[in-house]
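Visitor: After the structure tokens below, expect a handful of questions from me.
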Amino acid sequence: MEMNMKIYEELVARGLIAQVTNEEEIKSMINEGKATFYIGFDPTADSLHVGHFMALCLMKRLQMAGNKPVVLIGGGTAMIGDPSGRTDMRSMMTRETIQHNCDCFKKQMERFIEFGEDKAIMVNNADWLLDLNYVEVLREVGACFSVNNMLRAECYKQRMEKGLSFLEFNYMIMQSYDFYYLYQKYGCNMQFGGNDQWSNMLGGTELIRRKLGKDAHAMTITLLLNSEGKKMGKTASGAVWLDPNKTAPYDFYQYWRNVEDADVLKCIRMLTFLPIEEINAMDSWEGSQLNTAKDILAYELTKLVHGEEEAEKARSAAKALFGGGEGAEVPTLTLVSEDFYMDGRCDVPTMLVRAGFAKSKSEARQAIQQGGVTLDGEKITDPRTTFAPADLGEGKMLRKGKKNFIKVIAG
């Protein structure tokens with residue numbers, strides 16, 4: 001963090017803050033390291049993805065400034081489903097699946113956040129939500145909510161036309177109860193979340209004040225987590241995962257290397273830990289300089305998630321493939337005319353066998369069906385996929401699993 005800039009001002013300068021309930025008090029608490037804050041994560045998969053990236057980086061920044069993170073895993077609310085930003089109802093998961101996903105999340109989060117006594121803690125709202133008595137919730141919590149106000153919330157308005165289940169309608173109450181519980185149990189005085197969560201989050205702040213009095217210091221901040229995070233989190237081939245077994249470090253690097261010119265400096269500002277002064281100096285960059293900025297972004301984020309060694313390997317492989325860095329080498333497979341035997345096209349199983357990544361075409365087809373094969377970062381899902389020589393251009397990167405990669409060219 002910059003010598004002359006405090007943490008709250010840095011968050012603003014990085015474009016992270018969307019709206020707050022009481023800016024002066026929030027600013028003071030964060031800058032003095034007095035915030036115990038939570039961010040919620042729904043365990044809907046067994047890996048975090050880049051849509052969670054902004055929240056993880058935020059927690060790391062705030063912890064570095066002396067504030068205490070509370071990672072809330074939504075094991076309980078995941079059994080209900082959040083309507084925010086959705087047009088369909090989320091499918092139900094078993095408790096066993098939810099717990100498995102929670103365990104996977106913690107392992108990945110430990111790369112960003114330091115857990116331990118007087119440091120960050122991880123809690124699962126299943127521990128308190130699943131034991132609640134329904135009538136008690138109606139009396140003690142439900143009485144604090146106006147149905148009219150809830151129906152005006154944007155998260156519910158989006159779902160009204162297609163149908164909003166009573167199950168989903170309870171999500172705001174349960175999320176609000178989370179903040180109320182964390183405030184009493186852990187002294188959690190602040191919540192962060194995506195800007196599409198504003199109504200749900202205000203519900204928690206209001207519940208604390210209704211139950212504990214107007215002097216209860218419960219703050220709400222929303223960030224550009226969801227609008228930007230969801231944009232970052234998807235590609236044409238699906239989510240970009242933080243788990244290297246789902247998205248290899250090289251593919252992760254290439255994802256960030258291929259962001260739009262208009263987004264690269266915004267991503268550097270929001271997600272990297274480079275000094276603000278250094279980033280501001282890039283504001284005038286254009287043309288080929290933006291390619292340099294993309295390399296910086298890809299390298300910094302790959303290093304953050306997968307470590308410096310993997311970031312160096314990914315950068316070296318990319319330079320070898322797309323323009324030859326000094327000393328950078330990547331193995332090359334040159335396809336010959338006999339390989340293009342399917343009406344002048346070569347199928348991916350043939351490439352895998354020729355590369356030595358499979359002993360037979362049946363083994364190659366199995367690898368593809370298991371989701372372990374990509375070409376230039378795009379997952380190959382159909383073993384019948386074929387390419388003509390012109391499709392390969394100056395070369396495409398064929399990968400199988402984490403460690404096997406080769407540049408494929410047409411001879």
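Quick note on naming: the chains in the structure tokens go A, B, ... in the order shown, residues restart at 1 in each chain, and ligands are numbered from 1 in order of appearance.
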As a list in words, please: the residues near Phe41 of chain A (cut-off 8 Å, only C-alpha atoms, same-chain neighbours under 2 positions excluded).
Guide: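 In the requested form, the answer reads Ile39, Pro43, Val71, Leu72, Ile73 and Gly74 of chain A.
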Visitor: Would you mind listing what lies within 12 Å of Asp127 of chain A as a list of chain:residue names, with only C-alpha atoms counted and same-chain residues fewer than 2 positions away left out?
Guide: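 Answer for this query is A:Leu72, A:Ile73, A:Gly74, A:Gly75, A:Gly76, A:Thr77, A:Arg95, A:Gln99, A:Met122, A:Val123, A:Asn124, A:Asn125, A:Leu129, A:Leu130, A:Asp131, A:Leu132, A:Asp178, A:Tyr181, A:Leu182.
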Visitor: List every residue of segment 207-391 of chain A that DSSP, applied to the backbone of this structure, places in strand (DSSP E), and write the result as a VMD selection string.
Guide: chain A and resid 219 to 223 234 to 235 238 to 239 332 to 335 346 to 347 373 to 375 378 to 379 386 to 387
Visitor: Could you write those residues out with N, CA and C atoms, as a PDB file, in the first residue's frame?
Guide:
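Output file out23.pdb is given in full below:
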```pdb
ATOM      1  N   MET A 219     -22.172  -1.775   9.884  1.00  0.00           N
ATOM      2  CA  MET A 219     -21.958  -1.034   8.643  1.00  0.00           C
ATOM      3  C   MET A 219     -22.134  -1.951   7.426  1.00  0.00           C
ATOM      4  N   THR A 220     -22.547  -1.365   6.336  1.00  0.00           N
ATOM      5  CA  THR A 220     -22.711  -2.118   5.097  1.00  0.00           C
ATOM      6  C   THR A 220     -21.962  -1.415   3.974  1.00  0.00           C
ATOM      7  N   ILE A 221     -21.168  -2.176   3.242  1.00  0.00           N
ATOM      8  CA  ILE A 221     -20.474  -1.655   2.068  1.00  0.00           C
ATOM      9  C   ILE A 221     -20.754  -2.601   0.916  1.00  0.00           C
ATOM     10  N   THR A 222     -21.083  -2.072  -0.237  1.00  0.00           N
ATOM     11  CA  THR A 222     -21.154  -2.939  -1.405  1.00  0.00           C
ATOM     12  C   THR A 222     -20.081  -2.522  -2.389  1.00  0.00           C
ATOM     13  N   LEU A 223     -19.562  -3.522  -3.057  1.00  0.00           N
ATOM     14  CA  LEU A 223     -18.481  -3.330  -4.009  1.00  0.00           C
ATOM     15  C   LEU A 223     -18.975  -3.668  -5.404  1.00  0.00           C
ATOM     16  N   LYS A 234     -16.699 -15.707 -16.499  1.00  0.00           N
ATOM     17  CA  LYS A 234     -17.148 -16.623 -17.545  1.00  0.00           C
ATOM     18  C   LYS A 234     -16.418 -16.375 -18.854  1.00  0.00           C
ATOM     19  N   THR A 235     -16.238 -17.455 -19.590  1.00  0.00           N
ATOM     20  CA  THR A 235     -15.773 -17.362 -20.967  1.00  0.00           C
ATOM     21  C   THR A 235     -16.707 -18.203 -21.815  1.00  0.00           C
ATOM     22  N   GLY A 238     -16.973 -21.661 -20.475  1.00  0.00           N
ATOM     23  CA  GLY A 238     -17.392 -21.875 -19.096  1.00  0.00           C
ATOM     24  C   GLY A 238     -16.575 -21.069 -18.120  1.00  0.00           C
ATOM     25  N   ALA A 239     -16.623 -21.462 -16.833  1.00  0.00           N
ATOM     26  CA  ALA A 239     -15.933 -20.715 -15.791  1.00  0.00           C
ATOM     27  C   ALA A 239     -14.427 -20.908 -15.859  1.00  0.00           C
ATOM     28  N   THR A 332       7.056 -28.506 -29.994  1.00  0.00           N
ATOM     29  CA  THR A 332       6.246 -28.263 -31.186  1.00  0.00           C
ATOM     30  C   THR A 332       5.924 -29.578 -31.888  1.00  0.00           C
ATOM     31  N   LEU A 333       4.668 -29.715 -32.290  1.00  0.00           N
ATOM     32  CA  LEU A 333       4.223 -30.848 -33.089  1.00  0.00           C
ATOM     33  C   LEU A 333       3.867 -30.337 -34.483  1.00  0.00           C
ATOM     34  N   THR A 334       4.558 -30.831 -35.493  1.00  0.00           N
ATOM     35  CA  THR A 334       4.260 -30.447 -36.876  1.00  0.00           C
ATOM     36  C   THR A 334       3.429 -31.550 -37.524  1.00  0.00           C
ATOM     37  N   LEU A 335       2.196 -31.242 -37.840  1.00  0.00           N
ATOM     38  CA  LEU A 335       1.314 -32.203 -38.491  1.00  0.00           C
ATOM     39  C   LEU A 335       1.659 -32.289 -39.979  1.00  0.00           C
ATOM     40  N   CYS A 346      -7.781 -32.595 -39.574  1.00  0.00           N
ATOM     41  CA  CYS A 346      -7.178 -33.487 -38.570  1.00  0.00           C
ATOM     42  C   CYS A 346      -8.021 -33.445 -37.308  1.00  0.00           C
ATOM     43  N   ASP A 347      -8.364 -34.618 -36.763  1.00  0.00           N
ATOM     44  CA  ASP A 347      -9.151 -34.619 -35.529  1.00  0.00           C
ATOM     45  C   ASP A 347      -8.226 -34.519 -34.314  1.00  0.00           C
ATOM     46  N   VAL A 373      -8.750 -31.847 -21.986  1.00  0.00           N
ATOM     47  CA  VAL A 373      -8.026 -31.416 -23.186  1.00  0.00           C
ATOM     48  C   VAL A 373      -8.494 -30.032 -23.609  1.00  0.00           C
ATOM     49  N   THR A 374      -7.527 -29.140 -23.883  1.00  0.00           N
ATOM     50  CA  THR A 374      -7.849 -27.802 -24.386  1.00  0.00           C
ATOM     51  C   THR A 374      -6.966 -27.484 -25.586  1.00  0.00           C
ATOM     52  N   LEU A 375      -7.464 -26.617 -26.436  1.00  0.00           N
ATOM     53  CA  LEU A 375      -6.682 -26.096 -27.553  1.00  0.00           C
ATOM     54  C   LEU A 375      -6.778 -24.587 -27.504  1.00  0.00           C
ATOM     55  N   GLU A 378      -9.352 -23.235 -25.007  1.00  0.00           N
ATOM     56  CA  GLU A 378     -10.744 -23.632 -25.183  1.00  0.00           C
ATOM     57  C   GLU A 378     -10.869 -25.138 -24.963  1.00  0.00           C
ATOM     58  N   LYS A 379     -11.754 -25.534 -24.050  1.00  0.00           N
ATOM     59  CA  LYS A 379     -11.905 -26.955 -23.754  1.00  0.00           C
ATOM     60  C   LYS A 379     -12.509 -27.691 -24.952  1.00  0.00           C
ATOM     61  N   THR A 386     -12.537 -31.375 -35.500  1.00  0.00           N
ATOM     62  CA  THR A 386     -11.442 -31.417 -36.474  1.00  0.00           C
ATOM     63  C   THR A 386     -10.983 -30.014 -36.838  1.00  0.00           C
ATOM     64  N   PHE A 387      -9.773 -29.927 -37.377  1.00  0.00           N
ATOM     65  CA  PHE A 387      -9.196 -28.651 -37.783  1.00  0.00           C
ATOM     66  C   PHE A 387      -8.506 -28.808 -39.134  1.00  0.00           C
TER      67      PHE A 387
END
```
Visitor: Quick one, how far is atom CA of Asp339 of chain A from atom CA of Val408 of chain A?
Guide: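 Interatomic distance, atom CA of Asp339 of chain A to atom CA of Val408 of chain A: 12.0 Å.
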Visitor: What's the 12 Å shell around Met93 of chain A, counting only C-alpha atoms, without same-chain residues fewer than 2 positions away, as a PyMOL selection string?
Guide: chain A and resi 42-45+75-81+90-91+95-101
Visitor: With N, CA and C atoms retained, export the selected residues as a PDB file, in the first residue's frame.
Guide:
```pdb
ATOM      1  N   ASP A  42     -21.094 -18.636  -1.719  1.00  0.00           N
ATOM      2  CA  ASP A  42     -21.994 -19.773  -1.862  1.00  0.00           C
ATOM      3  C   ASP A  42     -21.227 -20.969  -2.425  1.00  0.00           C
ATOM      4  N   PRO A  43     -21.242 -22.103  -1.740  1.00  0.00           N
ATOM      5  CA  PRO A  43     -20.467 -23.277  -2.177  1.00  0.00           C
ATOM      6  C   PRO A  43     -21.192 -24.079  -3.249  1.00  0.00           C
ATOM      7  N   THR A  44     -21.403 -23.455  -4.407  1.00  0.00           N
ATOM      8  CA  THR A  44     -22.161 -24.107  -5.472  1.00  0.00           C
ATOM      9  C   THR A  44     -21.276 -24.956  -6.387  1.00  0.00           C
ATOM     10  N   ALA A  45     -19.967 -24.960  -6.166  1.00  0.00           N
ATOM     11  CA  ALA A  45     -19.040 -25.795  -6.941  1.00  0.00           C
ATOM     12  C   ALA A  45     -17.894 -26.176  -6.017  1.00  0.00           C
ATOM     13  N   GLY A  75     -23.260 -22.586   3.577  1.00  0.00           N
ATOM     14  CA  GLY A  75     -23.727 -23.967   3.565  1.00  0.00           C
ATOM     15  C   GLY A  75     -25.203 -24.084   3.870  1.00  0.00           C
ATOM     16  N   GLY A  76     -25.730 -23.139   4.634  1.00  0.00           N
ATOM     17  CA  GLY A  76     -27.154 -23.133   4.953  1.00  0.00           C
ATOM     18  C   GLY A  76     -27.983 -22.457   3.883  1.00  0.00           C
ATOM     19  N   THR A  77     -27.569 -21.248   3.479  1.00  0.00           N
ATOM     20  CA  THR A  77     -28.323 -20.531   2.452  1.00  0.00           C
ATOM     21  C   THR A  77     -28.227 -21.226   1.098  1.00  0.00           C
ATOM     22  N   ALA A  78     -27.178 -22.032   0.883  1.00  0.00           N
ATOM     23  CA  ALA A  78     -27.074 -22.775  -0.372  1.00  0.00           C
ATOM     24  C   ALA A  78     -28.199 -23.791  -0.511  1.00  0.00           C
ATOM     25  N   MET A  79     -28.814 -24.159   0.612  1.00  0.00           N
ATOM     26  CA  MET A  79     -29.922 -25.095   0.574  1.00  0.00           C
ATOM     27  C   MET A  79     -31.231 -24.396   0.223  1.00  0.00           C
ATOM     28  N   ILE A  80     -31.174 -23.057   0.145  1.00  0.00           N
ATOM     29  CA  ILE A  80     -32.355 -22.279  -0.244  1.00  0.00           C
ATOM     30  C   ILE A  80     -32.203 -21.754  -1.657  1.00  0.00           C
ATOM     31  N   GLY A  81     -31.089 -21.076  -1.927  1.00  0.00           N
ATOM     32  CA  GLY A  81     -30.863 -20.488  -3.249  1.00  0.00           C
ATOM     33  C   GLY A  81     -31.093 -18.997  -3.217  1.00  0.00           C
ATOM     34  N   ARG A  90     -32.034 -21.913  -8.507  1.00  0.00           N
ATOM     35  CA  ARG A  90     -30.828 -22.719  -8.398  1.00  0.00           C
ATOM     36  C   ARG A  90     -31.180 -24.132  -7.939  1.00  0.00           C
ATOM     37  N   SER A  91     -30.504 -25.126  -8.488  1.00  0.00           N
ATOM     38  CA  SER A  91     -30.795 -26.514  -8.138  1.00  0.00           C
ATOM     39  C   SER A  91     -30.322 -26.822  -6.719  1.00  0.00           C
ATOM     40  N   ARG A  95     -26.290 -32.107   1.555  1.00  0.00           N
ATOM     41  CA  ARG A  95     -25.405 -31.577   2.599  1.00  0.00           C
ATOM     42  C   ARG A  95     -23.976 -32.060   2.388  1.00  0.00           C
ATOM     43  N   GLU A  96     -23.826 -33.279   1.897  1.00  0.00           N
ATOM     44  CA  GLU A  96     -22.493 -33.844   1.675  1.00  0.00           C
ATOM     45  C   GLU A  96     -21.753 -33.070   0.572  1.00  0.00           C
ATOM     46  N   THR A  97     -22.471 -32.747  -0.495  1.00  0.00           N
ATOM     47  CA  THR A  97     -21.867 -31.972  -1.583  1.00  0.00           C
ATOM     48  C   THR A  97     -21.469 -30.594  -1.112  1.00  0.00           C
ATOM     49  N   ILE A  98     -22.346 -29.953  -0.360  1.00  0.00           N
ATOM     50  CA  ILE A  98     -22.071 -28.616   0.164  1.00  0.00           C
ATOM     51  C   ILE A  98     -20.836 -28.628   1.056  1.00  0.00           C
ATOM     52  N   GLN A  99     -20.727 -29.635   1.934  1.00  0.00           N
ATOM     53  CA  GLN A  99     -19.576 -29.708   2.838  1.00  0.00           C
ATOM     54  C   GLN A  99     -18.287 -29.935   2.054  1.00  0.00           C
ATOM     55  N   HIS A 100     -18.330 -30.790   1.050  1.00  0.00           N
ATOM     56  CA  HIS A 100     -17.152 -31.025   0.208  1.00  0.00           C
ATOM     57  C   HIS A 100     -16.701 -29.736  -0.456  1.00  0.00           C
ATOM     58  N   ASN A 101     -17.649 -28.978  -0.988  1.00  0.00           N
ATOM     59  CA  ASN A 101     -17.315 -27.709  -1.635  1.00  0.00           C
ATOM     60  C   ASN A 101     -16.728 -26.716  -0.642  1.00  0.00           C
TER      61      ASN A 101
END
```
Visitor: Counting only C-alpha atoms, which residue out of A:Ala317, A:Met5, A:Leu16, A:Asp103 sits closest to Ala65 of chain A?
Guide: A:Met5
Visitor: For Phe405 of chain A, please output as a PyMOL selection string all residues within 9 Å (counting only C-alpha atoms; exclusion window: fewer than 4 positions along the same chain).
Guide: chain A and resi 330-331+355+357+397-401
